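The data block below is protein-v5.cif; it holds mmCIF, N, CA and C atoms.
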```cif
data_start
loop_
_atom_site.label_atom_id
_atom_site.label_comp_id
_atom_site.auth_asym_id
_atom_site.auth_seq_id
_atom_site.Cartn_x
_atom_site.Cartn_y
_atom_site.Cartn_z
N LEU N 1 83.34 90.29 38.52
CA LEU N 1 84.49 89.93 39.33
C LEU N 1 85.03 91.14 40.10
N LEU N 2 85.09 92.28 39.45
CA LEU N 2 85.58 93.49 40.08
C LEU N 2 84.69 93.89 41.27
N LEU N 3 83.38 93.73 41.12
CA LEU N 3 82.45 94.05 42.19
C LEU N 3 82.65 93.14 43.39
N VAL N 4 82.92 91.85 43.16
CA VAL N 4 83.14 90.89 44.23
C VAL N 4 84.43 91.22 44.97
N VAL N 5 85.50 91.55 44.23
CA VAL N 5 86.77 91.92 44.85
C VAL N 5 86.60 93.19 45.67
N GLY N 6 85.88 94.16 45.15
CA GLY N 6 85.64 95.41 45.88
C GLY N 6 84.87 95.15 47.16
N ALA N 7 83.85 94.31 47.09
CA ALA N 7 83.06 93.97 48.29
C ALA N 7 83.91 93.25 49.31
N ALA N 8 84.78 92.36 48.86
CA ALA N 8 85.67 91.63 49.77
C ALA N 8 86.63 92.60 50.46
N LEU N 9 87.14 93.57 49.72
CA LEU N 9 88.05 94.57 50.32
C LEU N 9 87.32 95.41 51.37
N VAL N 10 86.08 95.78 51.09
CA VAL N 10 85.30 96.56 52.04
C VAL N 10 85.08 95.77 53.32
N VAL N 11 84.73 94.49 53.18
CA VAL N 11 84.52 93.63 54.35
C VAL N 11 85.81 93.49 55.13
N HIS N 12 86.92 93.28 54.42
CA HIS N 12 88.23 93.16 55.06
C HIS N 12 88.60 94.44 55.80
N ASP N 13 88.41 95.59 55.14
CA ASP N 13 88.71 96.88 55.76
C ASP N 13 87.83 97.13 56.99
N LYS N 14 86.55 96.71 56.89
CA LYS N 14 85.65 96.87 58.03
C LYS N 14 86.12 96.03 59.20
N ARG N 15 86.59 94.83 58.95
CA ARG N 15 87.12 93.98 60.02
C ARG N 15 88.34 94.63 60.67
N ILE N 16 89.23 95.20 59.86
CA ILE N 16 90.42 95.87 60.40
C ILE N 16 89.99 97.03 61.29
N VAL N 17 89.04 97.84 60.82
CA VAL N 17 88.55 98.97 61.61
C VAL N 17 87.89 98.47 62.89
N ASP N 18 87.04 97.43 62.78
CA ASP N 18 86.39 96.87 63.97
C ASP N 18 87.41 96.32 64.97
N ASP N 19 88.43 95.62 64.47
CA ASP N 19 89.48 95.11 65.35
C ASP N 19 90.20 96.25 66.06
N GLU N 20 90.49 97.31 65.32
CA GLU N 20 91.18 98.46 65.92
C GLU N 20 90.30 99.12 66.97
N LEU N 21 89.00 99.25 66.68
CA LEU N 21 88.08 99.83 67.66
C LEU N 21 87.99 98.95 68.90
N ASP N 22 87.96 97.63 68.72
CA ASP N 22 87.94 96.71 69.85
C ASP N 22 89.20 96.87 70.70
N LYS N 23 90.36 97.00 70.04
CA LYS N 23 91.62 97.19 70.76
C LYS N 23 91.60 98.50 71.54
N GLN N 24 91.11 99.57 70.90
CA GLN N 24 91.05 100.87 71.57
C GLN N 24 90.10 100.82 72.77
N ALA N 25 88.96 100.15 72.60
CA ALA N 25 88.00 100.03 73.71
C ALA N 25 88.61 99.24 74.86
N ALA N 26 89.34 98.16 74.52
CA ALA N 26 89.99 97.35 75.56
C ALA N 26 91.06 98.16 76.29
N LEU N 27 91.83 98.95 75.54
CA LEU N 27 92.86 99.79 76.17
C LEU N 27 92.22 100.86 77.05
N GLN N 28 91.13 101.46 76.59
CA GLN N 28 90.44 102.47 77.39
C GLN N 28 89.90 101.85 78.68
N TRP N 29 89.29 100.66 78.58
CA TRP N 29 88.78 99.97 79.76
C TRP N 29 89.92 99.67 80.72
N GLU N 30 91.06 99.22 80.18
CA GLU N 30 92.21 98.90 81.02
C GLU N 30 92.74 100.15 81.72
N ARG N 31 92.81 101.27 80.99
CA ARG N 31 93.25 102.54 81.61
C ARG N 31 92.31 102.95 82.74
N GLU N 32 91.02 102.84 82.48
CA GLU N 32 90.04 103.22 83.52
C GLU N 32 90.13 102.30 84.73
N GLU N 33 90.32 101.01 84.49
CA GLU N 33 90.47 100.04 85.57
C GLU N 33 91.72 100.33 86.40
N LEU N 34 92.83 100.60 85.72
CA LEU N 34 94.07 100.93 86.42
C LEU N 34 93.93 102.23 87.20
N SER N 35 93.27 103.20 86.61
CA SER N 35 93.05 104.48 87.29
C SER N 35 92.21 104.28 88.55
N ALA N 36 91.16 103.46 88.45
CA ALA N 36 90.31 103.18 89.62
C ALA N 36 91.11 102.47 90.70
N ARG N 37 91.94 101.52 90.30
CA ARG N 37 92.77 100.81 91.29
C ARG N 37 93.76 101.75 91.96
N LEU N 38 94.39 102.62 91.16
CA LEU N 38 95.33 103.59 91.72
C LEU N 38 94.62 104.51 92.70
N PHE N 39 93.45 105.00 92.31
CA PHE N 39 92.68 105.88 93.18
C PHE N 39 92.33 105.17 94.49
N GLN N 40 91.92 103.90 94.38
CA GLN N 40 91.58 103.11 95.57
C GLN N 40 92.81 102.89 96.44
N MET N 41 93.93 102.56 95.83
CA MET N 41 95.16 102.31 96.59
C MET N 41 95.62 103.59 97.30
N LEU N 42 95.60 104.71 96.58
CA LEU N 42 95.99 105.96 97.21
C LEU N 42 95.02 106.35 98.31
N GLY N 43 93.75 106.02 98.12
CA GLY N 43 92.75 106.30 99.14
C GLY N 43 93.00 105.56 100.44
N CYS N 44 93.71 104.45 100.35
CA CYS N 44 94.07 103.70 101.56
C CYS N 44 95.30 104.28 102.24
N MET N 45 96.05 105.09 101.51
CA MET N 45 97.32 105.60 102.05
C MET N 45 97.27 107.08 102.39
N LEU N 46 96.33 107.81 101.80
CA LEU N 46 96.30 109.27 101.97
C LEU N 46 94.92 109.73 102.39
N PRO N 47 94.84 110.90 103.00
CA PRO N 47 93.51 111.45 103.29
C PRO N 47 92.74 111.61 101.98
N PRO N 48 91.47 111.22 101.97
CA PRO N 48 90.68 111.26 100.73
C PRO N 48 90.68 112.62 100.03
N SER N 49 90.71 113.70 100.79
CA SER N 49 90.66 115.03 100.18
C SER N 49 91.92 115.34 99.37
N LEU N 50 92.99 114.56 99.52
CA LEU N 50 94.22 114.82 98.77
C LEU N 50 94.37 113.97 97.52
N VAL N 51 93.65 112.85 97.45
CA VAL N 51 93.89 111.90 96.36
C VAL N 51 93.59 112.52 95.00
N ALA N 52 92.38 113.01 94.78
CA ALA N 52 92.03 113.56 93.46
C ALA N 52 92.93 114.73 93.07
N PRO N 53 93.15 115.72 93.95
CA PRO N 53 94.04 116.81 93.55
C PRO N 53 95.46 116.33 93.19
N MET N 54 95.95 115.32 93.90
CA MET N 54 97.29 114.82 93.59
C MET N 54 97.32 114.15 92.22
N LEU N 55 96.26 113.47 91.86
CA LEU N 55 96.22 112.81 90.55
C LEU N 55 96.04 113.81 89.42
N TRP N 56 95.22 114.84 89.63
CA TRP N 56 94.94 115.80 88.56
C TRP N 56 96.03 116.84 88.43
N GLU N 57 96.71 117.18 89.53
CA GLU N 57 97.79 118.18 89.50
C GLU N 57 98.99 117.66 90.28
N PRO N 58 99.69 116.65 89.74
CA PRO N 58 100.78 116.03 90.51
C PRO N 58 101.95 116.97 90.82
N GLU N 59 102.12 118.02 90.02
CA GLU N 59 103.23 118.93 90.27
C GLU N 59 102.92 119.96 91.36
N ARG N 60 101.65 120.10 91.72
CA ARG N 60 101.25 121.09 92.73
C ARG N 60 101.41 120.51 94.14
N VAL N 61 101.99 121.26 95.03
CA VAL N 61 102.13 120.85 96.42
C VAL N 61 100.76 120.96 97.08
N GLN N 62 100.36 119.88 97.72
CA GLN N 62 99.05 119.85 98.39
C GLN N 62 99.27 120.14 99.87
N ALA N 63 98.92 121.35 100.29
CA ALA N 63 99.09 121.72 101.70
C ALA N 63 97.99 122.70 102.08
N GLN N 64 97.62 122.65 103.33
CA GLN N 64 96.64 123.59 103.83
C GLN N 64 96.95 123.86 105.30
N ARG N 65 96.60 125.03 105.73
CA ARG N 65 96.83 125.42 107.11
C ARG N 65 95.61 125.06 107.94
N VAL N 66 95.85 124.48 109.11
CA VAL N 66 94.77 124.19 110.05
C VAL N 66 95.15 124.81 111.39
N GLU N 67 94.16 125.30 112.08
CA GLU N 67 94.41 125.97 113.36
C GLU N 67 94.66 124.98 114.49
N LEU N 68 93.99 123.84 114.46
CA LEU N 68 94.11 122.89 115.54
C LEU N 68 93.97 121.48 114.99
N ALA N 69 94.91 120.62 115.33
CA ALA N 69 94.86 119.23 114.90
C ALA N 69 95.43 118.36 116.02
N THR N 70 94.97 117.15 116.05
CA THR N 70 95.49 116.18 117.00
C THR N 70 96.13 115.06 116.20
N ILE N 71 97.36 114.73 116.52
CA ILE N 71 98.08 113.67 115.81
C ILE N 71 98.40 112.57 116.80
N LEU N 72 98.13 111.34 116.39
CA LEU N 72 98.39 110.18 117.24
C LEU N 72 99.40 109.28 116.55
N PHE N 73 100.46 108.96 117.26
CA PHE N 73 101.47 108.01 116.79
C PHE N 73 101.31 106.75 117.63
N VAL N 74 101.10 105.61 116.97
CA VAL N 74 100.96 104.35 117.68
C VAL N 74 102.10 103.45 117.22
N LEU N 75 102.87 102.99 118.16
CA LEU N 75 103.98 102.08 117.86
C LEU N 75 103.71 100.75 118.54
N VAL N 76 103.78 99.67 117.77
CA VAL N 76 103.58 98.34 118.35
C VAL N 76 104.79 98.06 119.24
N GLU N 77 104.52 98.01 120.53
CA GLU N 77 105.60 97.82 121.50
C GLU N 77 106.30 96.49 121.31
N ASP N 78 107.61 96.53 121.28
CA ASP N 78 108.46 95.34 121.22
C ASP N 78 108.23 94.51 119.95
N PHE N 79 107.86 95.19 118.86
CA PHE N 79 107.56 94.46 117.63
C PHE N 79 108.77 93.69 117.10
N ASP N 80 109.96 94.25 117.24
CA ASP N 80 111.16 93.55 116.75
C ASP N 80 111.29 92.18 117.39
N ASN N 81 111.07 92.09 118.70
CA ASN N 81 111.14 90.80 119.38
C ASN N 81 109.99 89.88 118.98
N ILE N 82 108.82 90.46 118.80
CA ILE N 82 107.67 89.66 118.36
C ILE N 82 107.96 89.09 116.97
N ALA N 83 108.46 89.93 116.08
CA ALA N 83 108.69 89.51 114.69
C ALA N 83 109.78 88.45 114.58
N ARG N 84 110.73 88.46 115.49
CA ARG N 84 111.80 87.45 115.45
C ARG N 84 111.26 86.03 115.55
N ASN N 85 110.14 85.88 116.23
CA ASN N 85 109.55 84.56 116.43
C ASN N 85 108.49 84.20 115.39
N LEU N 86 108.32 85.06 114.39
CA LEU N 86 107.30 84.83 113.37
C LEU N 86 107.94 84.72 111.99
N ARG N 87 107.27 84.00 111.10
CA ARG N 87 107.67 83.98 109.70
C ARG N 87 107.28 85.33 109.09
N PRO N 88 107.92 85.75 108.01
CA PRO N 88 107.60 87.07 107.42
C PRO N 88 106.11 87.27 107.15
N GLU N 89 105.45 86.23 106.59
CA GLU N 89 104.02 86.38 106.30
C GLU N 89 103.19 86.50 107.57
N GLU N 90 103.66 85.89 108.67
CA GLU N 90 102.96 86.03 109.95
C GLU N 90 103.14 87.43 110.51
N SER N 91 104.33 88.00 110.33
CA SER N 91 104.56 89.39 110.78
C SER N 91 103.64 90.35 110.04
N LEU N 92 103.55 90.18 108.71
CA LEU N 92 102.67 91.05 107.93
C LEU N 92 101.21 90.85 108.31
N SER N 93 100.83 89.61 108.54
CA SER N 93 99.46 89.32 108.94
C SER N 93 99.14 89.97 110.30
N PHE N 94 100.09 89.89 111.22
CA PHE N 94 99.94 90.50 112.55
C PHE N 94 99.71 92.01 112.40
N LEU N 95 100.57 92.67 111.63
CA LEU N 95 100.44 94.13 111.45
C LEU N 95 99.15 94.46 110.71
N ASN N 96 98.85 93.70 109.67
CA ASN N 96 97.64 93.97 108.90
C ASN N 96 96.39 93.84 109.77
N ARG N 97 96.35 92.82 110.59
CA ARG N 97 95.20 92.60 111.48
C ARG N 97 95.03 93.79 112.43
N HIS N 98 96.12 94.21 113.06
CA HIS N 98 96.04 95.30 114.03
C HIS N 98 95.79 96.65 113.35
N PHE N 99 96.48 96.90 112.24
CA PHE N 99 96.30 98.18 111.56
C PHE N 99 94.93 98.27 110.89
N SER N 100 94.39 97.15 110.42
CA SER N 100 93.04 97.17 109.85
C SER N 100 92.02 97.51 110.93
N ARG N 101 92.24 97.00 112.12
CA ARG N 101 91.35 97.34 113.24
C ARG N 101 91.46 98.84 113.56
N MET N 102 92.69 99.36 113.54
CA MET N 102 92.88 100.80 113.75
C MET N 102 92.17 101.61 112.65
N ASP N 103 92.25 101.13 111.40
CA ASP N 103 91.56 101.79 110.30
C ASP N 103 90.06 101.88 110.58
N ARG N 104 89.45 100.78 111.03
CA ARG N 104 88.02 100.78 111.32
C ARG N 104 87.68 101.73 112.47
N ILE N 105 88.50 101.71 113.51
CA ILE N 105 88.27 102.61 114.65
C ILE N 105 88.34 104.06 114.18
N CYS N 106 89.36 104.38 113.39
CA CYS N 106 89.50 105.75 112.88
C CYS N 106 88.31 106.14 112.01
N ALA N 107 87.93 105.25 111.09
CA ALA N 107 86.80 105.54 110.20
C ALA N 107 85.52 105.77 110.99
N ASP N 108 85.29 104.98 112.02
CA ASP N 108 84.08 105.12 112.84
C ASP N 108 84.05 106.45 113.59
N ARG N 109 85.21 107.01 113.86
CA ARG N 109 85.29 108.22 114.68
C ARG N 109 85.68 109.47 113.88
N GLY N 110 85.77 109.34 112.55
CA GLY N 110 86.11 110.49 111.72
C GLY N 110 87.55 110.94 111.85
N VAL N 111 88.43 110.01 112.20
CA VAL N 111 89.85 110.31 112.31
C VAL N 111 90.53 109.90 111.00
N THR N 112 91.47 110.69 110.52
CA THR N 112 92.13 110.44 109.24
C THR N 112 93.42 109.65 109.45
N LYS N 113 93.51 108.52 108.78
CA LYS N 113 94.76 107.76 108.80
C LYS N 113 95.76 108.51 107.93
N ILE N 114 96.95 108.73 108.47
CA ILE N 114 97.98 109.42 107.72
C ILE N 114 98.90 108.42 107.04
N GLU N 115 99.45 107.49 107.81
CA GLU N 115 100.34 106.49 107.22
C GLU N 115 100.65 105.38 108.21
N THR N 116 101.18 104.31 107.68
CA THR N 116 101.79 103.27 108.49
C THR N 116 103.20 103.09 107.97
N VAL N 117 104.13 103.02 108.88
CA VAL N 117 105.54 102.79 108.52
C VAL N 117 106.05 101.72 109.47
N GLY N 118 106.40 100.57 108.91
CA GLY N 118 106.87 99.48 109.77
C GLY N 118 105.80 99.13 110.77
N ALA N 119 106.12 99.23 112.04
CA ALA N 119 105.19 98.89 113.11
C ALA N 119 104.56 100.14 113.71
N GLU N 120 104.54 101.24 112.97
CA GLU N 120 103.99 102.49 113.47
C GLU N 120 102.78 102.92 112.65
N TYR N 121 101.77 103.40 113.35
CA TYR N 121 100.52 103.86 112.74
C TYR N 121 100.36 105.33 113.12
N VAL N 122 100.08 106.17 112.13
CA VAL N 122 99.91 107.60 112.39
C VAL N 122 98.54 108.03 111.87
N CYS N 123 97.79 108.72 112.73
CA CYS N 123 96.48 109.23 112.33
C CYS N 123 96.31 110.64 112.92
N ALA N 124 95.30 111.36 112.41
CA ALA N 124 95.09 112.73 112.86
C ALA N 124 93.62 113.10 112.83
N ALA N 125 93.24 113.98 113.71
CA ALA N 125 91.89 114.54 113.73
C ALA N 125 92.00 116.03 113.52
N GLY N 126 91.04 116.59 112.80
CA GLY N 126 91.05 118.04 112.57
C GLY N 126 91.79 118.45 111.31
N VAL N 127 92.08 117.51 110.40
CA VAL N 127 92.88 117.85 109.22
C VAL N 127 92.09 117.74 107.92
N GLU N 128 90.90 117.17 107.94
CA GLU N 128 90.09 117.04 106.74
C GLU N 128 89.25 118.30 106.55
N PRO N 129 88.89 118.63 105.32
CA PRO N 129 88.10 119.85 105.08
C PRO N 129 86.82 119.91 105.92
N GLU N 130 86.14 118.77 106.08
CA GLU N 130 84.90 118.78 106.88
C GLU N 130 85.19 119.03 108.36
N ASP N 131 86.41 118.72 108.82
CA ASP N 131 86.79 119.01 110.20
C ASP N 131 87.06 120.50 110.39
N ILE N 132 87.62 121.11 109.37
CA ILE N 132 88.04 122.52 109.44
C ILE N 132 86.86 123.45 109.34
N ASP N 133 85.90 123.11 108.45
CA ASP N 133 84.73 123.96 108.25
C ASP N 133 83.86 123.90 109.45
#
```

How would this structure read if it were set down as structure tokens?
Amino acid sequence: LLLVVGAALVVHDKRIVDDELDKQAALQWEREELSARLFQMLGCMLPPSLVAPMLWEPERVQAQRVELATILFVLVEDFDNIARNLRPEESLSFLNRHFSRMDRICADRGVTKIETVGAEYVCAAGVEPEDID
């Protein structure tokens, strides 16, 4: 009887350990998935050369000197009047459609998207490490 009880406890303890390992593996997978999503999201908002350093050293200011850069500011003309006639989701769709096209144009030409704010799109050439070298 003692041997059977001991074997049952070992099986029970093994299940507890296995369950804990499964939970830890699931948490690790979730952390990695969230990290990948964050990296992807930041990659859409920041120059790629800044994303990893910002994640690994968030307290460090990321700045570099460049001798020559071109910055383009694009403002959707009369957007306030356009948006007045659209539902909110139509306004966002309008901006997303146009800014996504700008993203593709920039990517095709090696131009770095800096940010979008409201109806304004900002991009730059000559600011990425491969541009400087």

Inset, instruction - Could you tell me, as an MDAnalysis selection string, which residues of range 18-96 of chain N DSSP assigns to strand (DSSP E) when given the backbone? - result: chainID N and resid 70:75

Inset, instruction - Can you list, as a ChimeraX atom specification, all residues belonging to chain N that DSSP tags as alpha helix (DSSP H)? - result: /N:2-45,48-56,79-84,88-109,129-132

Legend entry - Result set of the PyMOL selection byres (((chain N and resi 55 and name CA) around 12) and name CA) on the coordinates above, as a list of chain:residue names: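 Given this file, the PyMOL selection byres (((chain N and resi 55 and name CA) around 12) and name CA) evaluates to N:Ser35, N:Ala36, N:Leu38, N:Phe39, N:Gln40, N:Leu42, N:Gly43, N:Leu46, N:Pro48, N:Ser49, N:Leu50, N:Val51, N:Ala52, N:Pro53, N:Met54, N:Trp56, N:Glu57, N:Pro58, N:Glu59, N:Arg60, N:Val61, N:Gln62.
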
Can you report as AutoDock Vina command-line options the centre and edge lengths in Å, to one decimal, of an axis-aligned box around the listed atoms of range 68-83 of chain N padded with 3 Å on each side?
```
--center_x 102.6 --center_y 106.1 --center_z 118.0 --size_x 23.3 --size_y 41.4 --size_z 13.0
```

Please, which residues in range 37-72 of chain N fall within 6 Å of range 125-128 of chain N when counting all atoms listed in the file, and what is the closest atom pair and distance in Å to one decimal for each, ordered by chain then residue number, as CSV?
```
residue,atom,partner,partner_atom,distance
N:Leu68,C,N:Gly126,CA,5.1
N:Ala69,CA,N:Ala125,C,4.5
N:Thr70,C,N:Ala125,N,4.0
N:Ile71,N,N:Ala125,N,5.0
```

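Atom pair atom C of Ala107 in chain N / atom N of Cys123 in chain N: separated by 12.7 Å.
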
Legend entry - Neighbour list for range 84-99 of chain N as an MDAnalysis selection string, cut-off 10 Å, only C-alpha atoms, skip fewer than 2 positions in-chain: chainID N and resid 74 76 79:82 101:105 116 118:121

Inset, instruction - For atom C of Ile16 in chain N and atom N of Arg37 in chain N, quote the distance in Å rounded to one decimal. - result: 29.4 Å

Legend entry - Two-atom distance - CA of Glu32 in chain N, atom C of Glu20 in chain N (Å): 17.1 Å

Reconstruct N, CA, C and O atoms of range 104-122 of chain N from the incomplete input and present them as an mmCIF file, in the frame of the given file.
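Generated output (out.cif):
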```
data_model
loop_
_atom_site.group_PDB
_atom_site.id
_atom_site.type_symbol
_atom_site.label_atom_id
_atom_site.label_comp_id
_atom_site.auth_asym_id
_atom_site.auth_seq_id
_atom_site.Cartn_x
_atom_site.Cartn_y
_atom_site.Cartn_z
ATOM 1 N N ARG N 104 89.450 100.780 111.030
ATOM 2 C CA ARG N 104 88.020 100.780 111.320
ATOM 3 C C ARG N 104 87.680 101.730 112.470
ATOM 4 O O ARG N 104 86.692 102.457 112.410
ATOM 5 N N ILE N 105 88.500 101.710 113.510
ATOM 6 C CA ILE N 105 88.270 102.610 114.650
ATOM 7 C C ILE N 105 88.340 104.060 114.180
ATOM 8 O O ILE N 105 87.486 104.880 114.535
ATOM 9 N N CYS N 106 89.360 104.380 113.390
ATOM 10 C CA CYS N 106 89.500 105.750 112.880
ATOM 11 C C CYS N 106 88.310 106.140 112.010
ATOM 12 O O CYS N 106 87.753 107.229 112.155
ATOM 13 N N ALA N 107 87.930 105.250 111.090
ATOM 14 C CA ALA N 107 86.800 105.540 110.200
ATOM 15 C C ALA N 107 85.520 105.770 110.990
ATOM 16 O O ALA N 107 84.748 106.687 110.677
ATOM 17 N N ASP N 108 85.290 104.980 112.020
ATOM 18 C CA ASP N 108 84.080 105.120 112.840
ATOM 19 C C ASP N 108 84.050 106.450 113.590
ATOM 20 O O ASP N 108 82.976 106.944 113.933
ATOM 21 N N ARG N 109 85.210 107.010 113.860
ATOM 22 C CA ARG N 109 85.290 108.220 114.680
ATOM 23 C C ARG N 109 85.680 109.470 113.880
ATOM 24 O O ARG N 109 85.937 110.528 114.448
ATOM 25 N N GLY N 110 85.770 109.340 112.550
ATOM 26 C CA GLY N 110 86.110 110.490 111.720
ATOM 27 C C GLY N 110 87.550 110.940 111.850
ATOM 28 O O GLY N 110 87.867 112.097 111.628
ATOM 29 N N VAL N 111 88.430 110.010 112.200
ATOM 30 C CA VAL N 111 89.850 110.310 112.310
ATOM 31 C C VAL N 111 90.530 109.900 111.000
ATOM 32 O O VAL N 111 90.200 108.867 110.419
ATOM 33 N N THR N 112 91.470 110.690 110.520
ATOM 34 C CA THR N 112 92.130 110.440 109.240
ATOM 35 C C THR N 112 93.420 109.650 109.450
ATOM 36 O O THR N 112 94.301 110.075 110.193
ATOM 37 N N LYS N 113 93.510 108.520 108.780
ATOM 38 C CA LYS N 113 94.760 107.760 108.800
ATOM 39 C C LYS N 113 95.760 108.510 107.930
ATOM 40 O O LYS N 113 95.474 108.893 106.810
ATOM 41 N N ILE N 114 96.950 108.730 108.470
ATOM 42 C CA ILE N 114 97.980 109.420 107.720
ATOM 43 C C ILE N 114 98.900 108.420 107.040
ATOM 44 O O ILE N 114 99.126 108.486 105.843
ATOM 45 N N GLU N 115 99.450 107.490 107.810
ATOM 46 C CA GLU N 115 100.340 106.490 107.220
ATOM 47 C C GLU N 115 100.650 105.380 108.210
ATOM 48 O O GLU N 115 100.413 105.514 109.405
ATOM 49 N N THR N 116 101.180 104.310 107.680
ATOM 50 C CA THR N 116 101.790 103.270 108.490
ATOM 51 C C THR N 116 103.200 103.090 107.970
ATOM 52 O O THR N 116 103.434 103.091 106.756
ATOM 53 N N VAL N 117 104.130 103.020 108.880
ATOM 54 C CA VAL N 117 105.540 102.790 108.520
ATOM 55 C C VAL N 117 106.050 101.720 109.470
ATOM 56 O O VAL N 117 106.109 101.942 110.683
ATOM 57 N N GLY N 118 106.400 100.570 108.910
ATOM 58 C CA GLY N 118 106.870 99.480 109.770
ATOM 59 C C GLY N 118 105.800 99.130 110.770
ATOM 60 O O GLY N 118 104.675 98.808 110.409
ATOM 61 N N ALA N 119 106.120 99.230 112.040
ATOM 62 C CA ALA N 119 105.190 98.890 113.110
ATOM 63 C C ALA N 119 104.560 100.140 113.710
ATOM 64 O O ALA N 119 104.090 100.124 114.840
ATOM 65 N N GLU N 120 104.540 101.240 112.970
ATOM 66 C CA GLU N 120 103.990 102.490 113.470
ATOM 67 C C GLU N 120 102.780 102.920 112.650
ATOM 68 O O GLU N 120 102.760 102.821 111.425
ATOM 69 N N TYR N 121 101.770 103.400 113.350
ATOM 70 C CA TYR N 121 100.520 103.860 112.740
ATOM 71 C C TYR N 121 100.360 105.330 113.120
ATOM 72 O O TYR N 121 100.493 105.694 114.280
ATOM 73 N N VAL N 122 100.080 106.170 112.130
ATOM 74 C CA VAL N 122 99.910 107.600 112.390
ATOM 75 C C VAL N 122 98.540 108.030 111.870
ATOM 76 O O VAL N 122 98.160 107.729 110.741
#
```
